[in-house]
Amino acid sequence: MMESIYIMVYRQIKRFVRARSRIAGTIINNVLWLLFFGLGWAYTLRGQQFQVLFKGLDYLAFLLPATFATSIFQASFMGGISVIWDKQFGFLKEVLVAPAPRSLTILGRALGDSVVSLLNGLIMLAMGFALTSKLNPLGLPTALAIGFVMAVGFTSMGIAIASSMRSPEGFQLIVATITMPMTLLSGSMFPLNMTPQWMQILALISPLTYAVDLCRYYLTGVSFLDMVYPWLTQEVEILLLVTTSIILMIIAMRMFEKTTIE
Amino acid sequence: MEFDIVVENLVKRYGPVEAVRGISFQVRRGEIFGFLGPNGAGKTTTIHILATLLKPTSGKALVAGYDVVSEPDRVRKSIGIVFQDPSLDDNLTGYENLYIHGRLYGLNGQSLRERIEEALKFVELWDFRDRLVRSYSGGMRRRLEIARAMLHTPRILFLDEPTIGLDPQTRAHIWDYIKRLNREYGTTVFLTTHYMDEAEMLCDRIAIIDHGKIIAMGTAEELKSMVGSDVVYIKLGKPDADICSKLSIANVENCKIVEGGTVALQVRKATEAIPAILLHLDRLEVKVTEVSYRRPSLNDVFIHLTGREMRDSEGSFVEVARMMHRARMR
Ligand SMILES: Nc1ncnc2c1ncn2[C@@H]1O[C@H](COP(=O)(O)OP(=O)(O)OP(=O)(O)O)[C@@H](O)[C@H]1O
Ligand SMILES: [Mg+2]
């Protein structure tokens, strides 16, 4: 059983290591984002009056832990596209015709892709530690664990959607329409407690919001959700995140079981 | 007699298109059995159903004794398959492709390493094992796919158009691998092709399939004898104008002097008629210097059954389009 999971993790990571241009592209993307967006706002919001807004954090310390989460989210979700590539390039048939249970091969695949997108997030975080001294290294293990749980969830979401699709273009369209609002609503770039209530309610539907808030809490000690919603303790957030990830994973397994080559 | 594949009244519909329209056949243990048919005949559809990748609309199929619909896991363990379209992971090496395959089939450790080496050496790719598949030629990819399909020593091997689009030399090599796999490992082989020479060269028995139906089945010999007579050419020691009257025996349906000392005899089955004719001529003390015969080809059989050529212009256009598609996928 572990066999089928392990070998797909092996394949996804091997492929990632081979795809040097993809790795380079990710790093460049992240650096540019941090430089132009992060530093830009960090300088704009430098004054004392903004400290209140960010509960004592400077903007970079506010932004970076969240970027760790959102970059994992984007990489994970996008990872589903490799299921469609495999469909197009035929490798999917090889997996489907093998006696290894499909639910386990897809689980292995999700875990492999999760490791890859966690690496993505780590690159982001490494730059974060270089740019600001306000991040707490002791929170790192917890943040990584949270990052991994959400990676599994969103990779599964990508796989579930990709399983029923034929063309990468269609998938990209869906990813683009879902990724953007979820990233903006997650409270990664502005504090959610300042937004109108309808927006907060929308934000609370998305598991990414919890992931962002949790990463921020464990890396800086500040949460922007529990002051508005006192029942949203870190424990509740973790519970919600883990549950959603498991549900998404089960959906992905089911969807992949049903995928055909027709 | 033990059957490795038993198919009864198999039907597959894609929406309004009926790709397979009620076929039945059996493949014996250790046999090389081939589906010969033009583009769109339903060959790939049948193979995908037998390999558990597609569900049949109706009908029954047993592979290695297991039902493809209710026991797909057992079927999957018993078969290896080479798909018509490429199915390798281009971004991995040849070795890694086989390694992943082996682990997916429950092999590991030293025995897996040995199997990979044996399979790669079998198709003469051992020296290229650490190169990315992306850099392989079309023929090398095909050979790697064969190595992969045989890696877990399946009891039954499916090959969907194994030599499509390859050069004659590579095709000959692949034919050789298939024959050796069948002989040395006792693997039952089910293959599809639209090449007459391939069907004739490899298959113990052939089913001719057209528009989703099997229109004839048997050994190449049996199929050809459906078309009718073979022609036997006999060159005599010296010309004899009366030869035809001397040759009015049961086996000979028609006799014609071609030129010089050669006669053309129409017979039902050349292999049986020739000894009788020679014996007869020997008794009459007529000297024979040369004997040859021409058989109808499988193409003649297809024309006889359908009134069409197997490879009409439309068919070859489709093939070119498909090969360009394959090329683009690389
Ligand atoms: N996924 C599909 N959806 C709809 N129709 C299909 C599908 N796959 C195959 N068909 C149709 O089913 C028929 C049989 O196709 P199939 O691929 O089995 O033929 P084939 O004998 O393998 O042909 P070829 O020599 O071109 O590979 C064709 O008419 C084809 O257009
Ligand atoms: Mg085909």
# chains A, B, ... in the order shown; residues from 1 in each chain; ligands from 1
>>> residues_near_ligand(ligand="ligand 2", cutoff="8 Å", atoms="only C-alpha atoms and all ligand atoms", output="list in words")
Asn39, Gly40, Ala41, Gly42, Lys43, Thr44, Thr45, Gln84, Asp160, Glu161 and Thr192 of chain B
>>> write_last_selection(atoms="C-alpha atoms", output="mmCIF file, in the first residue's frame")
data_model
loop_
_atom_site.group_PDB
_atom_site.id
_atom_site.type_symbol
_atom_site.label_atom_id
_atom_site.label_comp_id
_atom_site.auth_asym_id
_atom_site.auth_seq_id
_atom_site.Cartn_x
_atom_site.Cartn_y
_atom_site.Cartn_z
ATOM 1 C CA ASN B 39 -8.696 3.019 -39.386
ATOM 2 C CA GLY B 40 -11.707 3.356 -37.147
ATOM 3 C CA ALA B 41 -12.490 -0.366 -37.218
ATOM 4 C CA GLY B 42 -12.693 -0.543 -33.426
ATOM 5 C CA LYS B 43 -9.325 -2.141 -32.666
ATOM 6 C CA THR B 44 -8.169 0.323 -30.024
ATOM 7 C CA THR B 45 -11.603 0.393 -28.435
ATOM 8 C CA GLN B 84 -1.117 2.958 -29.752
ATOM 9 C CA ASP B 160 -1.925 -1.746 -30.171
ATOM 10 C CA GLU B 161 -0.338 -1.166 -33.583
ATOM 11 C CA THR B 192 -3.833 -4.990 -33.556
#
>>> interface_residues(of="chain A", to="chain B", cutoff="12 Å", atoms="only C-alpha atoms", output="PyMOL selection string")
chain A and resi 1-20+82+85-102+104-105+108+257-262
>>> write_last_selection(atoms="N, CA and C atoms", output="tab-separated table (two decimals), in the first residue's frame")
chain	number	residue	atom	x	y	z
A	1	MET	N	0.83	-1.21	0.00
A	1	MET	CA	0.00	0.00	0.00
A	1	MET	C	0.87	1.26	0.00
A	2	MET	N	1.84	1.31	0.94
A	2	MET	CA	2.74	2.47	0.98
A	2	MET	C	3.51	2.58	-0.33
A	3	GLU	N	3.74	1.40	-0.90
A	3	GLU	CA	4.44	1.27	-2.18
A	3	GLU	C	3.91	2.23	-3.25
A	4	SER	N	2.58	2.15	-3.49
A	4	SER	CA	1.98	2.94	-4.56
A	4	SER	C	2.05	4.43	-4.22
A	5	ILE	N	1.91	4.75	-2.94
A	5	ILE	CA	2.00	6.16	-2.56
A	5	ILE	C	3.42	6.65	-2.78
A	6	TYR	N	4.37	5.86	-2.24
A	6	TYR	CA	5.77	6.26	-2.33
A	6	TYR	C	6.21	6.51	-3.77
A	7	ILE	N	5.84	5.59	-4.66
A	7	ILE	CA	6.40	5.69	-6.01
A	7	ILE	C	5.88	6.91	-6.76
A	8	MET	N	4.65	7.33	-6.44
A	8	MET	CA	4.13	8.52	-7.10
A	8	MET	C	4.75	9.79	-6.50
A	9	VAL	N	5.03	9.77	-5.20
A	9	VAL	CA	5.76	10.89	-4.60
A	9	VAL	C	7.11	11.02	-5.30
A	10	TYR	N	7.76	9.86	-5.44
A	10	TYR	CA	9.06	9.79	-6.11
A	10	TYR	C	8.98	10.42	-7.51
A	11	ARG	N	7.94	10.04	-8.25
A	11	ARG	CA	7.84	10.54	-9.62
A	11	ARG	C	7.62	12.06	-9.65
A	12	GLN	N	6.69	12.55	-8.83
A	12	GLN	CA	6.39	13.98	-8.87
A	12	GLN	C	7.62	14.80	-8.48
A	13	ILE	N	8.37	14.32	-7.49
A	13	ILE	CA	9.53	15.09	-7.06
A	13	ILE	C	10.65	15.01	-8.11
A	14	LYS	N	10.86	13.80	-8.66
A	14	LYS	CA	11.85	13.65	-9.74
A	14	LYS	C	11.55	14.61	-10.88
A	15	ARG	N	10.29	14.66	-11.27
A	15	ARG	CA	9.90	15.54	-12.37
A	15	ARG	C	10.18	17.00	-12.03
A	16	PHE	N	9.88	17.35	-10.78
A	16	PHE	CA	10.07	18.74	-10.37
A	16	PHE	C	11.55	19.10	-10.42
A	17	VAL	N	12.38	18.19	-9.90
A	17	VAL	CA	13.81	18.45	-9.89
A	17	VAL	C	14.35	18.61	-11.31
A	18	ARG	N	13.77	17.83	-12.24
A	18	ARG	CA	14.21	17.91	-13.64
A	18	ARG	C	13.82	19.24	-14.28
A	19	ALA	N	12.69	19.79	-13.82
A	19	ALA	CA	12.14	20.98	-14.48
A	19	ALA	C	12.82	22.22	-13.94
A	20	ARG	N	14.09	22.41	-14.31
A	20	ARG	CA	14.86	23.53	-13.74
A	20	ARG	C	14.26	24.88	-14.09
A	82	SER	N	-0.87	19.07	-13.97
A	82	SER	CA	-0.03	17.97	-14.44
A	82	SER	C	-0.86	16.71	-14.69
A	85	TRP	N	-1.78	17.24	-18.25
A	85	TRP	CA	-0.63	16.94	-19.11
A	85	TRP	C	-0.46	15.44	-19.26
A	86	ASP	N	-0.58	14.73	-18.14
A	86	ASP	CA	-0.44	13.28	-18.21
A	86	ASP	C	-1.51	12.66	-19.08
A	87	LYS	N	-2.70	13.25	-19.06
A	87	LYS	CA	-3.75	12.77	-19.95
A	87	LYS	C	-3.32	12.97	-21.39
A	88	GLN	N	-2.81	14.17	-21.67
A	88	GLN	CA	-2.46	14.49	-23.05
A	88	GLN	C	-1.24	13.72	-23.53
A	89	PHE	N	-0.26	13.55	-22.65
A	89	PHE	CA	0.95	12.87	-23.08
A	89	PHE	C	0.88	11.36	-22.87
A	90	GLY	N	-0.27	10.90	-22.37
A	90	GLY	CA	-0.49	9.45	-22.35
A	90	GLY	C	-0.05	8.74	-21.09
A	91	PHE	N	0.74	9.38	-20.22
A	91	PHE	CA	1.24	8.66	-19.05
A	91	PHE	C	0.10	8.24	-18.12
A	92	LEU	N	-0.99	8.98	-18.18
A	92	LEU	CA	-2.12	8.65	-17.30
A	92	LEU	C	-2.61	7.22	-17.55
A	93	LYS	N	-2.61	6.80	-18.83
A	93	LYS	CA	-3.05	5.45	-19.15
A	93	LYS	C	-2.19	4.41	-18.44
A	94	GLU	N	-0.90	4.69	-18.39
A	94	GLU	CA	0.03	3.79	-17.71
A	94	GLU	C	-0.34	3.63	-16.24
A	95	VAL	N	-0.74	4.72	-15.61
A	95	VAL	CA	-1.12	4.65	-14.20
A	95	VAL	C	-2.48	3.96	-14.04
A	96	LEU	N	-3.40	4.28	-14.95
A	96	LEU	CA	-4.75	3.74	-14.82
A	96	LEU	C	-4.80	2.24	-15.05
A	97	VAL	N	-3.89	1.73	-15.88
A	97	VAL	CA	-3.95	0.30	-16.22
A	97	VAL	C	-3.15	-0.54	-15.21
A	98	ALA	N	-2.42	0.13	-14.32
A	98	ALA	CA	-1.62	-0.61	-13.33
A	98	ALA	C	-2.51	-1.16	-12.23
A	99	PRO	N	-2.10	-2.28	-11.62
A	99	PRO	CA	-2.92	-2.87	-10.56
A	99	PRO	C	-2.93	-2.06	-9.28
A	100	ALA	N	-1.96	-1.14	-9.12
A	100	ALA	CA	-1.95	-0.31	-7.91
A	100	ALA	C	-3.27	0.46	-7.81
A	101	PRO	N	-3.87	0.49	-6.61
A	101	PRO	CA	-5.16	1.17	-6.46
A	101	PRO	C	-5.07	2.64	-6.87
A	102	ARG	N	-6.04	3.09	-7.63
A	102	ARG	CA	-5.99	4.47	-8.13
A	102	ARG	C	-6.04	5.48	-7.00
A	104	LEU	N	-4.72	5.31	-4.19
A	104	LEU	CA	-3.41	5.46	-3.57
A	104	LEU	C	-2.42	6.14	-4.50
A	105	THR	N	-2.49	5.84	-5.81
A	105	THR	CA	-1.56	6.52	-6.71
A	105	THR	C	-1.86	8.01	-6.72
A	108	GLY	N	-0.53	9.54	-3.53
A	108	GLY	CA	0.92	9.72	-3.64
A	108	GLY	C	1.25	10.94	-4.47
A	257	GLU	N	-10.78	8.17	-9.31
A	257	GLU	CA	-11.24	6.80	-9.55
A	257	GLU	C	-12.13	6.76	-10.78
A	258	LYS	N	-12.89	7.83	-10.95
A	258	LYS	CA	-13.89	7.84	-12.02
A	258	LYS	C	-13.32	8.35	-13.34
A	259	THR	N	-12.11	8.87	-13.31
A	259	THR	CA	-11.60	9.46	-14.54
A	259	THR	C	-11.40	8.36	-15.59
A	260	THR	N	-11.74	8.68	-16.85
A	260	THR	CA	-11.59	7.69	-17.91
A	260	THR	C	-10.76	8.29	-19.03
A	261	ILE	N	-10.44	7.43	-20.00
A	261	ILE	CA	-9.64	7.92	-21.11
A	261	ILE	C	-10.53	8.22	-22.29
A	262	GLU	N	-11.87	8.13	-22.11
A	262	GLU	CA	-12.77	8.35	-23.25
A	262	GLU	C	-12.66	9.74	-23.82
>>> residues_around(residues="stretch 178-187 of chain B", least_positions_apart="5", cutoff="9 Å", atoms="only C-alpha atoms", output="list in words")
Arg29, Gly30, Glu31, Ile32, Ile146, Met150, Thr153, Pro154, Arg155, Ile156, Leu157, His173 and Leu202 of chain B
>>> residues_around(residues="A:Thr243", least_positions_apart="6", cutoff="12 Å", atoms="only C-alpha atoms", output="ChimeraX atom specification")
/A:149-150,152-153,207,210,236-237,249-250
>>> atom_distance(atom1="atom CA of B:Pro56", atom2="atom CA of B:Ile214")
16.6 Å
>>> residues_around(residues="stretch 137-146 of chain A", least_positions_apart="4", cutoff="12 Å", atoms="only C-alpha atoms", output="PyMOL selection string")
chain A and resi 65-66+68-69+72-73+114-115+117-122+125-126+128-130+132-133+150-153+207-208+210-222+234-235+237-242+245
>>> closest_residue(among="A:Ala252, A:Ala42, A:Lys134, A:Met199", to="A:Pro181", atoms="only C-alpha atoms")
A:Met199
>>> atom_distance(atom1="atom 31 (O, counted along the ligand's line) of ligand 1", atom2="atom CA of B:Leu10")
17.3 Å
>>> residues_around(residues="B:Val20", least_positions_apart="6", cutoff="7 Å", atoms="only C-alpha atoms", output="PyMOL selection string")
chain B and resi 10-13+42+212-213
>>> select_by_dssp(residues="stretch 8-171 of chain A", states="alpha helix (DSSP H)", output="JSON, numbers by chain")
{"A": [8, 9, 10, 11, 12, 13, 14, 15, 16, 17, 18, 20, 21, 22, 23, 24, 25, 26, 27, 28, 29, 30, 31, 32, 40, 41, 42, 43, 44, 48, 49, 50, 51, 52, 53, 59, 60, 61, 62, 63, 64, 65, 66, 67, 68, 69, 70, 71, 72, 73, 74, 75, 76, 77, 78, 79, 81, 82, 83, 84, 85, 86, 87, 88, 89, 91, 92, 93, 94, 95, 96, 102, 103, 104, 105, 106, 107, 108, 109, 110, 111, 112, 113, 114, 115, 116, 117, 118, 119, 120, 121, 122, 123, 124, 125, 126, 127, 128, 129, 130, 131, 140, 141, 142, 143, 144, 145, 146, 147, 148, 149, 150, 151, 152, 153, 154, 155, 156, 157, 158, 159, 160, 161, 162, 163, 168, 169, 170, 171]}
>>> atom_distance(atom1="atom CA of B:Met217", atom2="atom CA of B:Ile164")
22.4 Å
>>> closest_residue(among="A:Arg109, A:Met227, A:Arg166, A:Thr155", to="ligand 1", atoms="only C-alpha atoms and all ligand atoms")
A:Arg166
>>> closest_residue(among="A:Thr209, A:Ser156, A:Ser163, A:Gln172", to="A:Ile246", atoms="only C-alpha atoms")
A:Ser156
>>> select_by_dssp(residues="stretch 22-252 of chain B", states="strand (DSSP E or B)", output="MDAnalysis selection string")
chainID B and resid 22:28 32:36 58:63 66:67 79:82 93 132 156:160 188:193 205:210 213:218 230:236 252
>>> residues_around(residues="A:Pro191", least_positions_apart="6", cutoff="10 Å", atoms="only C-alpha atoms", output="ChimeraX atom specification")
/A:53-55,62-63,185,213,223-225
>>> closest_residue(among="B:Lys224, B:Lys287, B:Arg268, B:Arg21", to="ligand 1", atoms="only C-alpha atoms and all ligand atoms")
B:Arg21
